[in-house]
Amino acid sequence: MKQNLTLEALRDLLERRDVHALRAALAEEHPADLAELLEALAGQEKLAVFRALPKEAAAEVFSELPPEDQKALIQAATDQELSAIVEELWVDDAVDMLEELPAGVVKRVLQAARPDTRQLINQFLNYPENSVGSIMTAEFTDLKKSMTVAQAIDHIRKTGADSESIYTCYVTDAARRLEGVVTIRELLLAGDGERVADLMEADVITAETGEDREEAVARLMKYDFLSLPVVDKEGRLVGIVTVDDGMDVLEKEATEDFEKMAAMAPSEKPYLKTSVFSLARHRIVWLLVLMISGMITGGILGRYEAAFAAMPLLVTFIPMLTDTGGNAGSQSSTLIIRGMAVGEIQLRDFARVFWKELRVSLLVGAVLSAVNFVRLILTYPGQTATALTVAAALYVTVLLAKTVGGILPMAAKFFKADPAIMAAPLITTIVDAISLIVYFNIASVLLPI
């Protein structure tokens, strides 16, 4: 659906107070586009537009809004309006909203909900924050093995409006234990008299409520499912994770990893809506850690001060060594972190990763060292020993940097830490110290210092 309504046109309709034209214009827009328009409006304008939306559309638009806009609308809405919003929201969207809101606002939202809705939302809120249970939805279509295709389709027609997804239907017994899965396509192509039991796939891939949500989403994407059933410890079907929920999780996890890889504490808010103080607070901690750890490099330089005095030329090659080592280590760590994030690399692959990175570093180091040796011979005639020292130090630096960059993220995973913290900034700091120690030790052996 193409977005036709502009912010200027929307404000013009509000100024003219043409409610009929406003509702007609809003009805033509996609909820995601309407959410963008609402974000750009001031408080009273936002509320006026939101109240002009049909009840079903209002809930969809509301779920697309950022937490601060949701909070503003909740505070401005009447109890009746709030009740209508909560009842129209999918349970997982309602839970996502409540997890971001202050306790006082959450209390008002729950009070506006029907008792059964409140009970279901409270159940979901009790699941751990990063678990599958916290992102699943309870609105799904379930069938019985004894149903015929005609009965199943009739059941879907009657209950499908309250289900977030009807493309995949789940077969449960009287105790709600999951017995199989059947797609709407299979039902539509089968004869009316055929049994669901004969069409369903009994070997169902599932997730458990307490399982890490990232692992469950990886399974959802691996098998190209539109939804993944979620069961409790007794095998009872309690919800599903849909592909749109999976995409939201992937986006959040990727954003968090990017921020950690850039040496920043993760932030929940978009950049433009985050205060300067919050941005500084998220960045300063890691910068302090890296600054203090960088003092190690200064200590190493101080230890070899006599070598500088004896041969000042050595100092000019330090930036090239540390930069090349840092870049080499960052290449390896980035690839390994990405591989672990998408499930290509597991902890059991440690030996294979180490062996592969070792061979890569041998090849890369050989090329870089050879090029540097030739350059130094041409630039500094008669300084063969110096050229050999720099080339050898570069070779060992690249060898160590790539190996360390490859195994540190896996070591972090082994110790239950996020591999993303072993990214460019930290790897560079570690490699800088290693490269200087290697450089001056080789220089002390090959040069008269």
# chains A, B, ... in the order shown; residues from 1 in each chain; ligands from 1
>>> residues_around(residues="Val238 in chain A", least_positions_apart="6", cutoff="12 Å", atoms="only C-alpha atoms", output="ChimeraX atom specification")
/A:120,123-124,132-142,170,172,175-178,206-210,228-232
>>> write_last_selection(atoms="C-alpha atoms", output="JSON list (two decimals), in the first residue's frame")
[["chain", "number", "residue", "atom", "x", "y", "z"],
["A", 120, "LEU", "CA", -3.20, -13.75, 30.39],
["A", 123, "GLN", "CA", 1.10, -14.74, 32.92],
["A", 124, "PHE", "CA", 3.22, -13.54, 30.01],
["A", 132, "VAL", "CA", 10.52, -17.38, 24.31],
["A", 133, "GLY", "CA", 7.55, -17.01, 26.63],
["A", 134, "SER", "CA", 8.02, -13.25, 26.74],
["A", 135, "ILE", "CA", 7.64, -12.83, 22.96],
["A", 136, "MET", "CA", 5.09, -15.51, 22.06],
["A", 137, "THR", "CA", 1.42, -14.84, 21.40],
["A", 138, "ALA", "CA", -1.47, -16.88, 22.77],
["A", 139, "GLU", "CA", -3.70, -16.22, 19.74],
["A", 140, "PHE", "CA", -3.30, -19.25, 17.49],
["A", 141, "THR", "CA", -5.53, -21.75, 15.68],
["A", 142, "ASP", "CA", -5.73, -25.26, 17.11],
["A", 170, "TYR", "CA", -1.71, -26.89, 15.44],
["A", 172, "THR", "CA", -3.82, -30.68, 20.17],
["A", 175, "ALA", "CA", -5.22, -31.72, 27.56],
["A", 176, "ARG", "CA", -3.84, -29.21, 24.95],
["A", 177, "ARG", "CA", -0.72, -31.33, 24.38],
["A", 178, "LEU", "CA", 0.71, -30.69, 20.92],
["A", 206, "THR", "CA", 8.98, -26.63, 18.96],
["A", 207, "ALA", "CA", 10.44, -24.23, 21.51],
["A", 208, "GLU", "CA", 9.95, -24.25, 25.29],
["A", 209, "THR", "CA", 8.67, -21.22, 27.19],
["A", 210, "GLY", "CA", 11.87, -20.77, 29.21],
["A", 228, "LEU", "CA", 6.98, -21.74, 15.76],
["A", 229, "PRO", "CA", 4.87, -23.51, 18.42],
["A", 230, "VAL", "CA", 5.82, -22.92, 22.06],
["A", 231, "VAL", "CA", 5.14, -25.62, 24.63],
["A", 232, "ASP", "CA", 5.54, -25.86, 28.40]]
>>> select_by_dssp(residues="range 145-371 of chain A", states="alpha helix (DSSP H)", output="VMD selection string")
chain A and resid 149 to 159 184 to 189 196 to 199 213 to 222 243 to 261 276 to 303 305 to 310 318 to 341 350 to 371
>>> residues_around(residues="Leu301 in chain A", least_positions_apart="2", cutoff="10 Å", atoms="only C-alpha atoms", output="list of chain:residue names")
A:Met295, A:Ile296, A:Thr297, A:Gly298, A:Gly299, A:Arg303, A:Tyr304, A:Glu305, A:Ala306, A:Ala307, A:Phe308, A:Val315, A:Ile318, A:Ala433, A:Leu436, A:Ile437, A:Phe440
>>> atom_distance(atom1="CA of Ile434 in chain A", atom2="CA of Ile300 in chain A")
9.6 Å
>>> residues_around(residues="Ala112 in chain A", least_positions_apart="2", cutoff="12 Å", atoms="only C-alpha atoms", output="PyMOL selection string")
chain A and resi 74+77-87+105-110+114-118
>>> write_last_selection(atoms="C-alpha atoms", output="short mmCIF file (atom, residue, chain, number, x, y, z; two decimals), in the first residue's frame")
data_model
loop_
_atom_site.label_atom_id
_atom_site.label_comp_id
_atom_site.auth_asym_id
_atom_site.auth_seq_id
_atom_site.Cartn_x
_atom_site.Cartn_y
_atom_site.Cartn_z
CA ILE A 74 -2.45 6.08 27.53
CA ALA A 77 -7.05 8.35 26.82
CA THR A 78 -10.24 7.68 28.73
CA ASP A 79 -10.74 4.36 30.54
CA GLN A 80 -13.11 3.23 27.78
CA GLU A 81 -10.64 4.11 25.03
CA LEU A 82 -7.82 2.40 26.90
CA SER A 83 -9.89 -0.73 27.40
CA ALA A 84 -10.66 -0.85 23.66
CA ILE A 85 -6.95 -0.53 22.80
CA VAL A 86 -5.87 -3.29 25.19
CA GLU A 87 -8.57 -5.71 24.03
CA VAL A 105 1.02 3.43 33.70
CA VAL A 106 1.13 -0.40 33.62
CA LYS A 107 -1.25 -0.52 36.57
CA ARG A 108 -3.79 1.68 34.75
CA VAL A 109 -3.55 -0.42 31.56
CA LEU A 110 -4.15 -3.66 33.46
CA ARG A 114 -10.99 -7.51 31.09
CA PRO A 115 -10.19 -10.02 33.90
CA ASP A 116 -9.32 -12.84 31.47
CA THR A 117 -7.10 -10.53 29.38
CA ARG A 118 -5.42 -9.22 32.55
#
>>> atom_distance(atom1="CA of Ile421 in chain A", atom2="CA of Thr255 in chain A")
13.2 Å
>>> closest_residue(among="A:Val91, A:Leu10, A:Val181, A:Leu101", to="Ala40 in chain A", atoms="only C-alpha atoms")
A:Leu10
>>> residues_around(residues="Ala27 in chain A", least_positions_apart="6", cutoff="12 Å", atoms="only C-alpha atoms", output="list in words")
Met1, Gln3, Asn4, Leu5, His20, Ala21, Asp33, Leu34, Val49, Phe50, Ala52, Leu53, Pro54, Lys55, Glu56, Ala57, Ala58 and Val61 of chain A
>>> write_last_selection(atoms="all heavy atoms", output="short mmCIF file (atom, residue, chain, number, x, y, z; two decimals), in the first residue's frame")
data_model
loop_
_atom_site.label_atom_id
_atom_site.label_comp_id
_atom_site.auth_asym_id
_atom_site.auth_seq_id
_atom_site.Cartn_x
_atom_site.Cartn_y
_atom_site.Cartn_z
N MET A 1 0.85 -1.19 0.00
CA MET A 1 0.00 0.00 0.00
C MET A 1 0.88 1.24 0.00
O MET A 1 1.76 1.41 0.85
CB MET A 1 -0.91 0.01 1.24
CG MET A 1 -1.86 1.19 1.29
SD MET A 1 -2.81 1.20 2.85
CE MET A 1 -3.80 -0.27 2.64
N GLN A 3 1.92 5.09 0.56
CA GLN A 3 1.54 6.15 1.48
C GLN A 3 1.17 7.39 0.68
O GLN A 3 1.96 7.91 -0.09
CB GLN A 3 2.70 6.48 2.44
CG GLN A 3 2.33 7.54 3.46
CD GLN A 3 3.47 7.79 4.45
OE1 GLN A 3 4.50 7.16 4.37
NE2 GLN A 3 3.24 8.70 5.38
N ASN A 4 -0.08 7.89 0.86
CA ASN A 4 -0.57 9.06 0.14
C ASN A 4 -0.68 10.29 1.03
O ASN A 4 -0.56 11.42 0.59
CB ASN A 4 -1.95 8.77 -0.47
CG ASN A 4 -1.90 7.61 -1.45
OD1 ASN A 4 -1.05 7.59 -2.33
ND2 ASN A 4 -2.80 6.64 -1.30
N LEU A 5 -0.91 10.09 2.30
CA LEU A 5 -1.16 11.19 3.23
C LEU A 5 0.16 11.75 3.74
O LEU A 5 0.97 11.03 4.33
CB LEU A 5 -2.00 10.69 4.41
CG LEU A 5 -2.49 11.73 5.42
CD1 LEU A 5 -3.38 12.76 4.73
CD2 LEU A 5 -3.22 11.06 6.56
N HIS A 20 -14.82 13.79 8.91
CA HIS A 20 -15.14 12.79 7.89
C HIS A 20 -14.00 12.63 6.89
O HIS A 20 -13.61 11.50 6.55
CB HIS A 20 -16.43 13.18 7.16
CG HIS A 20 -17.64 13.14 8.04
ND1 HIS A 20 -18.14 11.96 8.55
CD2 HIS A 20 -18.46 14.13 8.50
CE1 HIS A 20 -19.21 12.21 9.28
NE2 HIS A 20 -19.43 13.53 9.28
N ALA A 21 -13.44 13.75 6.42
CA ALA A 21 -12.32 13.69 5.48
C ALA A 21 -11.08 13.09 6.16
O ALA A 21 -10.33 12.33 5.53
CB ALA A 21 -12.00 15.09 4.96
N ASP A 33 2.71 3.37 8.41
CA ASP A 33 2.84 4.74 7.90
C ASP A 33 2.13 5.72 8.83
O ASP A 33 2.63 6.83 9.07
CB ASP A 33 2.28 4.84 6.49
CG ASP A 33 3.08 4.03 5.48
OD1 ASP A 33 4.31 3.93 5.67
OD2 ASP A 33 2.48 3.51 4.53
N LEU A 34 0.98 5.32 9.34
CA LEU A 34 0.24 6.19 10.26
C LEU A 34 1.03 6.40 11.56
O LEU A 34 1.03 7.50 12.13
CB LEU A 34 -1.12 5.58 10.58
CG LEU A 34 -2.17 5.63 9.45
CD1 LEU A 34 -3.43 4.88 9.85
CD2 LEU A 34 -2.51 7.07 9.10
N VAL A 49 -5.82 12.67 16.10
CA VAL A 49 -5.70 11.72 14.98
C VAL A 49 -5.98 10.31 15.47
O VAL A 49 -6.70 9.53 14.83
CB VAL A 49 -4.30 11.81 14.33
CG1 VAL A 49 -4.12 10.67 13.32
CG2 VAL A 49 -4.12 13.14 13.65
N PHE A 50 -5.44 9.96 16.63
CA PHE A 50 -5.61 8.60 17.15
C PHE A 50 -7.08 8.31 17.42
O PHE A 50 -7.57 7.21 17.15
CB PHE A 50 -4.79 8.43 18.43
CG PHE A 50 -4.73 7.02 18.91
CD1 PHE A 50 -3.90 6.09 18.29
CD2 PHE A 50 -5.49 6.59 19.98
CE1 PHE A 50 -3.84 4.78 18.71
CE2 PHE A 50 -5.45 5.28 20.42
CZ PHE A 50 -4.62 4.38 19.79
N ALA A 52 -9.52 9.49 15.84
CA ALA A 52 -10.25 9.42 14.56
C ALA A 52 -10.08 8.06 13.88
O ALA A 52 -10.79 7.76 12.92
CB ALA A 52 -9.78 10.53 13.63
N LEU A 53 -9.17 7.25 14.38
CA LEU A 53 -8.93 5.93 13.77
C LEU A 53 -10.02 4.94 14.17
O LEU A 53 -10.53 4.98 15.29
CB LEU A 53 -7.57 5.39 14.24
CG LEU A 53 -6.32 6.09 13.73
CD1 LEU A 53 -5.10 5.61 14.52
CD2 LEU A 53 -6.12 5.84 12.25
N PRO A 54 -10.37 4.01 13.26
CA PRO A 54 -11.28 2.91 13.63
C PRO A 54 -10.63 2.08 14.74
O PRO A 54 -9.41 2.03 14.87
CB PRO A 54 -11.41 2.11 12.34
CG PRO A 54 -10.98 3.03 11.26
CD PRO A 54 -9.98 3.96 11.84
N LYS A 55 -11.44 1.40 15.54
CA LYS A 55 -10.94 0.66 16.70
C LYS A 55 -9.86 -0.35 16.34
O LYS A 55 -8.81 -0.41 16.98
CB LYS A 55 -12.12 -0.05 17.39
CG LYS A 55 -11.74 -0.71 18.70
CD LYS A 55 -12.96 -1.19 19.45
CE LYS A 55 -13.70 -2.30 18.71
NZ LYS A 55 -14.79 -2.89 19.51
N GLU A 56 -10.09 -1.13 15.28
CA GLU A 56 -9.11 -2.16 14.88
C GLU A 56 -7.80 -1.51 14.40
O GLU A 56 -6.71 -1.96 14.77
CB GLU A 56 -9.68 -3.05 13.78
CG GLU A 56 -10.90 -3.86 14.18
CD GLU A 56 -12.19 -3.04 14.13
OE1 GLU A 56 -12.13 -1.86 13.71
OE2 GLU A 56 -13.24 -3.57 14.53
N ALA A 57 -7.92 -0.46 13.60
CA ALA A 57 -6.73 0.22 13.09
C ALA A 57 -5.97 0.91 14.21
O ALA A 57 -4.74 0.96 14.21
CB ALA A 57 -7.11 1.23 12.01
N ALA A 58 -6.70 1.45 15.18
CA ALA A 58 -6.06 2.15 16.30
C ALA A 58 -5.13 1.22 17.06
O ALA A 58 -4.02 1.61 17.44
CB ALA A 58 -7.13 2.70 17.23
N VAL A 61 -1.95 0.63 14.91
CA VAL A 61 -1.10 1.81 14.92
C VAL A 61 -0.42 1.95 16.28
O VAL A 61 0.78 2.24 16.37
CB VAL A 61 -1.92 3.09 14.60
CG1 VAL A 61 -1.07 4.34 14.80
CG2 VAL A 61 -2.43 3.02 13.16
#
>>> atom_distance(atom1="CA of Ser361 in chain A", atom2="CA of Val398 in chain A")
6.2 Å
>>> residues_around(residues="range 6-9 of chain A", least_positions_apart="6", cutoff="12 Å", atoms="only C-alpha atoms", output="ChimeraX atom specification")
/A:15-16,18,21-22,25-26,29,33-42,45-46,49
>>> select_by_dssp(residues="range 106-193 of chain A", states="strand (DSSP E)", output="list of chain:residue names")
A:Phe140, A:Thr141, A:Asp142, A:Leu143, A:Ser165, A:Ile166, A:Tyr167, A:Thr168, A:Cys169, A:Tyr170, A:Val171, A:Thr172, A:Leu178, A:Glu179, A:Gly180, A:Val181, A:Val182, A:Thr183
>>> write_last_selection(atoms="N, CA, C and O atoms", output="JSON list (two decimals), in the first residue's frame")
[["chain", "number", "residue", "atom", "x", "y", "z"],
["A", 140, "PHE", "N", -3.66, -18.33, 18.56],
["A", 140, "PHE", "CA", -3.30, -19.25, 17.49],
["A", 140, "PHE", "C", -4.51, -20.14, 17.19],
["A", 140, "PHE", "O", -5.48, -20.18, 17.96],
["A", 141, "THR", "N", -4.44, -20.87, 16.09],
["A", 141, "THR", "CA", -5.53, -21.75, 15.68],
["A", 141, "THR", "C", -5.17, -23.20, 15.99],
["A", 141, "THR", "O", -4.14, -23.70, 15.52],
["A", 142, "ASP", "N", -5.99, -23.85, 16.81],
["A", 142, "ASP", "CA", -5.73, -25.26, 17.11],
["A", 142, "ASP", "C", -6.90, -26.12, 16.63],
["A", 142, "ASP", "O", -8.06, -25.70, 16.63],
["A", 143, "LEU", "N", -6.57, -27.34, 16.21],
["A", 143, "LEU", "CA", -7.54, -28.29, 15.68],
["A", 143, "LEU", "C", -7.44, -29.61, 16.45],
["A", 143, "LEU", "O", -6.54, -29.79, 17.26],
["A", 165, "SER", "N", -2.16, -15.68, 13.45],
["A", 165, "SER", "CA", -1.77, -16.34, 12.21],
["A", 165, "SER", "C", -2.61, -17.60, 12.03],
["A", 165, "SER", "O", -2.77, -18.39, 12.97],
["A", 166, "ILE", "N", -3.15, -17.80, 10.83],
["A", 166, "ILE", "CA", -3.94, -19.01, 10.55],
["A", 166, "ILE", "C", -3.29, -19.87, 9.47],
["A", 166, "ILE", "O", -3.82, -20.90, 9.10],
["A", 167, "TYR", "N", -2.13, -19.45, 9.00],
["A", 167, "TYR", "CA", -1.49, -20.19, 7.91],
["A", 167, "TYR", "C", -1.00, -21.56, 8.37],
["A", 167, "TYR", "O", -0.96, -22.51, 7.59],
["A", 168, "THR", "N", -0.63, -21.65, 9.63],
["A", 168, "THR", "CA", -0.23, -22.92, 10.21],
["A", 168, "THR", "C", -1.15, -23.22, 11.39],
["A", 168, "THR", "O", -1.29, -22.38, 12.29],
["A", 169, "CYS", "N", -1.78, -24.40, 11.39],
["A", 169, "CYS", "CA", -2.70, -24.78, 12.46],
["A", 169, "CYS", "C", -2.07, -25.92, 13.26],
["A", 169, "CYS", "O", -1.40, -26.80, 12.71],
["A", 170, "TYR", "N", -2.32, -25.92, 14.54],
["A", 170, "TYR", "CA", -1.71, -26.89, 15.44],
["A", 170, "TYR", "C", -2.76, -27.85, 15.98],
["A", 170, "TYR", "O", -3.85, -27.43, 16.38],
["A", 171, "VAL", "N", -2.41, -29.11, 15.99],
["A", 171, "VAL", "CA", -3.34, -30.17, 16.42],
["A", 171, "VAL", "C", -3.02, -30.52, 17.87],
["A", 171, "VAL", "O", -1.89, -30.90, 18.19],
["A", 172, "THR", "N", -4.02, -30.40, 18.75],
["A", 172, "THR", "CA", -3.82, -30.68, 20.17],
["A", 172, "THR", "C", -4.86, -31.69, 20.65],
["A", 172, "THR", "O", -5.93, -31.86, 20.05],
["A", 178, "LEU", "N", 0.51, -30.83, 22.35],
["A", 178, "LEU", "CA", 0.71, -30.69, 20.92],
["A", 178, "LEU", "C", 0.94, -32.06, 20.28],
["A", 178, "LEU", "O", 1.82, -32.82, 20.70],
["A", 179, "GLU", "N", 0.13, -32.38, 19.27],
["A", 179, "GLU", "CA", 0.22, -33.69, 18.60],
["A", 179, "GLU", "C", 0.69, -33.58, 17.16],
["A", 179, "GLU", "O", 1.20, -34.56, 16.60],
["A", 180, "GLY", "N", 0.49, -32.45, 16.52],
["A", 180, "GLY", "CA", 0.87, -32.33, 15.12],
["A", 180, "GLY", "C", 0.65, -30.93, 14.60],
["A", 180, "GLY", "O", 0.17, -30.04, 15.30],
["A", 181, "VAL", "N", 0.99, -30.76, 13.32],
["A", 181, "VAL", "CA", 0.84, -29.46, 12.67],
["A", 181, "VAL", "C", 0.34, -29.68, 11.24],
["A", 181, "VAL", "O", 0.72, -30.66, 10.58],
["A", 182, "VAL", "N", -0.53, -28.80, 10.78],
["A", 182, "VAL", "CA", -1.05, -28.88, 9.42],
["A", 182, "VAL", "C", -1.21, -27.46, 8.88],
["A", 182, "VAL", "O", -1.60, -26.56, 9.62],
["A", 183, "THR", "N", -0.89, -27.25, 7.61],
["A", 183, "THR", "CA", -1.00, -25.91, 7.04],
["A", 183, "THR", "C", -2.37, -25.71, 6.40],
["A", 183, "THR", "O", -3.05, -26.67, 6.02]]
>>> residues_around(residues="range 363-376 of chain A", least_positions_apart="5", cutoff="7 Å", atoms="only C-alpha atoms", output="NGL selection string")
:A and (387-388 or 391-392 or 394-395 or 398-399)
>>> write_last_selection(atoms="N, CA, C and O atoms", output="PDB file, in the first residue's frame")
ATOM      1  N   ALA A 387      64.876  -3.328   8.440  1.00  0.00           N
ATOM      2  CA  ALA A 387      63.774  -3.808   7.600  1.00  0.00           C
ATOM      3  C   ALA A 387      63.367  -5.220   7.998  1.00  0.00           C
ATOM      4  O   ALA A 387      62.167  -5.551   8.070  1.00  0.00           O
ATOM      5  N   LEU A 388      64.348  -6.056   8.291  1.00  0.00           N
ATOM      6  CA  LEU A 388      64.069  -7.422   8.695  1.00  0.00           C
ATOM      7  C   LEU A 388      63.361  -7.454  10.046  1.00  0.00           C
ATOM      8  O   LEU A 388      62.426  -8.246  10.263  1.00  0.00           O
ATOM      9  N   ALA A 391      59.715  -6.328   9.479  1.00  0.00           N
ATOM     10  CA  ALA A 391      58.971  -7.359   8.753  1.00  0.00           C
ATOM     11  C   ALA A 391      58.665  -8.555   9.652  1.00  0.00           C
ATOM     12  O   ALA A 391      57.552  -9.097   9.647  1.00  0.00           O
ATOM     13  N   ALA A 392      59.659  -8.965  10.449  1.00  0.00           N
ATOM     14  CA  ALA A 392      59.453 -10.108  11.350  1.00  0.00           C
ATOM     15  C   ALA A 392      58.425  -9.768  12.429  1.00  0.00           C
ATOM     16  O   ALA A 392      57.546 -10.582  12.755  1.00  0.00           O
ATOM     17  N   LEU A 394      56.043  -7.584  12.210  1.00  0.00           N
ATOM     18  CA  LEU A 394      54.728  -7.498  11.577  1.00  0.00           C
ATOM     19  C   LEU A 394      54.142  -8.890  11.351  1.00  0.00           C
ATOM     20  O   LEU A 394      52.942  -9.122  11.569  1.00  0.00           O
ATOM     21  N   TYR A 395      55.006  -9.813  10.937  1.00  0.00           N
ATOM     22  CA  TYR A 395      54.548 -11.181  10.680  1.00  0.00           C
ATOM     23  C   TYR A 395      53.998 -11.823  11.960  1.00  0.00           C
ATOM     24  O   TYR A 395      52.892 -12.388  11.974  1.00  0.00           O
ATOM     25  N   VAL A 398      50.647 -10.057  13.105  1.00  0.00           N
ATOM     26  CA  VAL A 398      49.467 -10.488  12.348  1.00  0.00           C
ATOM     27  C   VAL A 398      49.078 -11.908  12.747  1.00  0.00           C
ATOM     28  O   VAL A 398      47.884 -12.226  12.896  1.00  0.00           O
ATOM     29  N   LEU A 399      50.071 -12.758  12.936  1.00  0.00           N
ATOM     30  CA  LEU A 399      49.822 -14.142  13.339  1.00  0.00           C
ATOM     31  C   LEU A 399      49.065 -14.188  14.673  1.00  0.00           C
ATOM     32  O   LEU A 399      48.037 -14.863  14.801  1.00  0.00           O
TER      33      LEU A 399
END
>>> decode(residues="range 81-133 of chain A", atoms="C-alpha atoms", output="PDB file, in the first residue's frame")
ATOM      1  CA  GLU A  81     -10.642   4.114  25.028  1.00  0.00           C
ATOM      2  CA  LEU A  82      -7.822   2.403  26.905  1.00  0.00           C
ATOM      3  CA  SER A  83      -9.887  -0.730  27.398  1.00  0.00           C
ATOM      4  CA  ALA A  84     -10.656  -0.853  23.664  1.00  0.00           C
ATOM      5  CA  ILE A  85      -6.950  -0.533  22.799  1.00  0.00           C
ATOM      6  CA  VAL A  86      -5.873  -3.292  25.190  1.00  0.00           C
ATOM      7  CA  GLU A  87      -8.565  -5.712  24.035  1.00  0.00           C
ATOM      8  CA  GLU A  88      -7.687  -5.187  20.357  1.00  0.00           C
ATOM      9  CA  LEU A  89      -3.933  -5.654  20.834  1.00  0.00           C
ATOM     10  CA  TRP A  90      -2.364  -9.066  20.342  1.00  0.00           C
ATOM     11  CA  VAL A  91      -1.152 -10.350  23.695  1.00  0.00           C
ATOM     12  CA  ASP A  92       2.536 -10.282  22.707  1.00  0.00           C
ATOM     13  CA  ASP A  93       2.212  -6.658  21.569  1.00  0.00           C
ATOM     14  CA  ALA A  94       0.498  -5.756  24.846  1.00  0.00           C
ATOM     15  CA  VAL A  95       3.274  -7.450  26.833  1.00  0.00           C
ATOM     16  CA  ASP A  96       5.991  -5.692  24.802  1.00  0.00           C
ATOM     17  CA  MET A  97       4.285  -2.371  25.512  1.00  0.00           C
ATOM     18  CA  LEU A  98       3.918  -2.975  29.253  1.00  0.00           C
ATOM     19  CA  GLU A  99       7.564  -4.027  29.621  1.00  0.00           C
ATOM     20  CA  GLU A 100       8.615  -0.555  28.433  1.00  0.00           C
ATOM     21  CA  LEU A 101       6.171   1.535  30.512  1.00  0.00           C
ATOM     22  CA  PRO A 102       6.456   2.878  34.092  1.00  0.00           C
ATOM     23  CA  ALA A 103       4.749   0.892  36.851  1.00  0.00           C
ATOM     24  CA  GLY A 104       2.002   3.487  37.361  1.00  0.00           C
ATOM     25  CA  VAL A 105       1.018   3.429  33.698  1.00  0.00           C
ATOM     26  CA  VAL A 106       1.126  -0.400  33.619  1.00  0.00           C
ATOM     27  CA  LYS A 107      -1.253  -0.516  36.573  1.00  0.00           C
ATOM     28  CA  ARG A 108      -3.792   1.680  34.749  1.00  0.00           C
ATOM     29  CA  VAL A 109      -3.548  -0.419  31.563  1.00  0.00           C
ATOM     30  CA  LEU A 110      -4.153  -3.661  33.464  1.00  0.00           C
ATOM     31  CA  GLN A 111      -7.084  -2.132  35.326  1.00  0.00           C
ATOM     32  CA  ALA A 112      -8.679  -1.214  31.987  1.00  0.00           C
ATOM     33  CA  ALA A 113      -8.375  -4.779  30.655  1.00  0.00           C
ATOM     34  CA  ARG A 114     -10.985  -7.511  31.086  1.00  0.00           C
ATOM     35  CA  PRO A 115     -10.189 -10.017  33.899  1.00  0.00           C
ATOM     36  CA  ASP A 116      -9.319 -12.838  31.467  1.00  0.00           C
ATOM     37  CA  THR A 117      -7.105 -10.530  29.384  1.00  0.00           C
ATOM     38  CA  ARG A 118      -5.421  -9.217  32.545  1.00  0.00           C
ATOM     39  CA  GLN A 119      -4.725 -12.759  33.725  1.00  0.00           C
ATOM     40  CA  LEU A 120      -3.197 -13.746  30.388  1.00  0.00           C
ATOM     41  CA  ILE A 121      -1.007 -10.632  30.227  1.00  0.00           C
ATOM     42  CA  ASN A 122       0.199 -11.159  33.806  1.00  0.00           C
ATOM     43  CA  GLN A 123       1.099 -14.739  32.919  1.00  0.00           C
ATOM     44  CA  PHE A 124       3.225 -13.545  30.012  1.00  0.00           C
ATOM     45  CA  LEU A 125       4.865 -10.827  32.125  1.00  0.00           C
ATOM     46  CA  ASN A 126       6.088 -13.515  34.547  1.00  0.00           C
ATOM     47  CA  TYR A 127       8.301 -15.117  31.894  1.00  0.00           C
ATOM     48  CA  PRO A 128      12.001 -14.080  31.963  1.00  0.00           C
ATOM     49  CA  GLU A 129      12.732 -11.036  29.813  1.00  0.00           C
ATOM     50  CA  ASN A 130      14.742 -12.805  27.093  1.00  0.00           C
ATOM     51  CA  SER A 131      12.766 -16.039  27.055  1.00  0.00           C
ATOM     52  CA  VAL A 132      10.517 -17.384  24.309  1.00  0.00           C
ATOM     53  CA  GLY A 133       7.553 -17.007  26.634  1.00  0.00           C
TER      54      GLY A 133
END
